[in-house]
Amino acid sequence: MKRWLKISLSGVAAIVTVGVGFVWYMYASLETTANTIYEPREAVVPVTDIGGGQESAPAVQPKVEKIKEVDPFSVLLLGVDERANDAGRSDTIIVLTVNPQKQSIQMFNIPRDTRTEIVGRGSVDKINHAYAFGGVNMSIQTVEQFLGVPIDYYVKLNMEGFVSVIDLLGGVEVNNPFEFNMGNKKFVEGPITLTGEEALLYSRMRYDDPRGDLGRNTRQQEIVQELMKNALQVSSVMQIQNILDEVGGNVKTDITFDEMKKFALEYASSLKKIDTMEINGHGQRINGIYYYIVDEQERQRVTDAMNEHMNEVEPS
């Protein structure tokens, strides 16, 4: 009996040791990946020169860690199409506001052809060109000026990584409103499950869409929502490790590992719904170039909606 007890206790101890070791391994993998993708942004802030005038110089501004404080926060998601010897363009520009107290996320696209001032460039151009001119920093500053609302965090996703992560999650389910062809793929009307490559094609189509860029934006939002939903349901350990490996090479963000832990452990599961909206405007050719024109009244409507969603309220 005593010998059996010793064997049993030894077995339990071995299982506990292996379990603790495995948890520690996964934690270390998460931390390593988080540190790999962490890339703080630089912001142009005024500094006083020796002569007493003002000039602009790149400096890292102190960041308010809103996630750790469980405050409402905003995120700029840039889907970037980068190629060899090319700075690339931000093919997808999505803004999210997250309010833990309201238990909701608000999401909208900024059409990539939107005509606006490119901050730090001194010119007016398509908003997605800001990334080509000045990378993440110029993109954030341009979006902030366009919306009149500060961006708290950013996530930059290489579109090739977008494809791989969707495949690792088993694809995404969407409800296609009409049949169309894109590349060599036919997308039938109704509920369909897409691979990563198919999801990329599905999200990029706009010329055959009667709503143009707005229809394209809606498809992108649908895929992002499904991707977030699927990511929260990952149960396979090997799947988690594969996703971490894929994310490490294709994502950059200024969200720290501590903030990720806070978000995942304390209030990610309490976010009950995702609301979407559109930025309305019209297409116009200026000097032979197509732009999406958003008037001041519409910009103010979007700004007001963001501010209203991020207003803190006590839970009901």
# chains A, B, ... in the order shown; residues from 1 in each chain; ligands from 1

$ residues_around --residues "segment 247-259 of chain A" --least-positions-apart "5" --cutoff "10 Å" --atoms "only C-alpha atoms" --output "ChimeraX atom specification"
/A:30-41,63,65-70,75-80,136,152-162,164-165,241-242,264-265

$ select_by_dssp --residues "segment 56-152 of chain A" --states "alpha helix (DSSP H)" --output "PDB file with C-alpha atoms, in the first residue's frame"
ATOM      1  CA  HIS A 129       0.211  57.157 -49.292  1.00  0.00           C
ATOM      2  CA  ALA A 130       1.189  58.367 -45.815  1.00  0.00           C
ATOM      3  CA  TYR A 131       2.657  54.941 -45.108  1.00  0.00           C
ATOM      4  CA  ALA A 132       4.751  55.015 -48.290  1.00  0.00           C
ATOM      5  CA  PHE A 133       6.090  58.477 -47.396  1.00  0.00           C
ATOM      6  CA  GLY A 134       6.723  58.021 -43.673  1.00  0.00           C
ATOM      7  CA  GLY A 135       5.748  54.569 -42.460  1.00  0.00           C
ATOM      8  CA  VAL A 136       3.688  53.930 -39.343  1.00  0.00           C
ATOM      9  CA  ASN A 137       4.507  57.275 -37.706  1.00  0.00           C
ATOM     10  CA  MET A 138       3.273  59.404 -40.595  1.00  0.00           C
ATOM     11  CA  SER A 139       0.214  57.174 -41.032  1.00  0.00           C
ATOM     12  CA  ILE A 140      -0.797  57.619 -37.383  1.00  0.00           C
ATOM     13  CA  GLN A 141      -0.274  61.386 -37.414  1.00  0.00           C
ATOM     14  CA  THR A 142      -2.234  61.735 -40.663  1.00  0.00           C
ATOM     15  CA  VAL A 143      -5.148  59.648 -39.340  1.00  0.00           C
ATOM     16  CA  GLU A 144      -5.155  61.613 -36.063  1.00  0.00           C
ATOM     17  CA  GLN A 145      -5.400  64.901 -37.930  1.00  0.00           C
ATOM     18  CA  PHE A 146      -8.055  63.578 -40.303  1.00  0.00           C
ATOM     19  CA  LEU A 147     -10.261  62.359 -37.425  1.00  0.00           C
TER      20      LEU A 147
END

$ closest_residue --among "A:Val119, A:Asp208, A:Met228, A:Val124" --to "Gly171 of chain A" --atoms "only C-alpha atoms"
A:Met228

$ closest_residue --among "A:Arg285, A:Arg206, A:Lys185, A:Lys273" --to "Met107 of chain A" --atoms "only C-alpha atoms"
A:Lys273

$ closest_residue --among "A:Lys229, A:Gly288, A:Met306, A:Ile93" --to "Ser269 of chain A" --atoms "only C-alpha atoms"
A:Lys229

$ select_by_dssp --residues "segment 49-248 of chain A" --states "strand (DSSP E)" --output "ChimeraX atom specification"
/A:54-59,73-83,86-99,104-109,115-118,123-126,153-158,172-176,180-182,185-187,190-194

$ residues_around --residues "Met310 of chain A" --least-positions-apart "4" --cutoff "12 Å" --atoms "only C-alpha atoms" --output "list of chain:residue names"
A:Lys66, A:Val70, A:Asp71, A:Pro72, A:Phe73, A:Ser74, A:Val75, A:Leu96, A:Thr97, A:Val98, A:Asn99, A:Pro100, A:Gln101, A:Lys102, A:Gln103, A:Ser104, A:Ile105, A:Gln106, A:Val149, A:Pro150, A:Ile151, A:Asp152, A:Thr303, A:Asp304, A:Ala305, A:Met306

$ closest_atom_pairs --of "segment 103-204 of chain A" --to "segment 294-298 of chain A" --cutoff "9 Å" --atoms "only C-alpha atoms" --output "Markdown table"
| residue | atom | partner | partner_atom | distance |
| --- | --- | --- | --- | --- |
| A:Thr114 | CA | A:Val294 | CA | 7.1 |
| A:Arg115 | CA | A:Val294 | CA | 7.6 |
| A:Thr116 | CA | A:Val294 | CA | 8.7 |

$ atom_distance --atom1 "atom CA of Leu244 of chain A" --atom2 "atom CA of Leu169 of chain A"
11.9 Å

$ residues_around --residues "Asn109 of chain A" --least-positions-apart "4" --cutoff "9 Å" --atoms "only C-alpha atoms" --output "PyMOL selection string"
chain A and resi 92-96+214+217-218+220-221+276-279
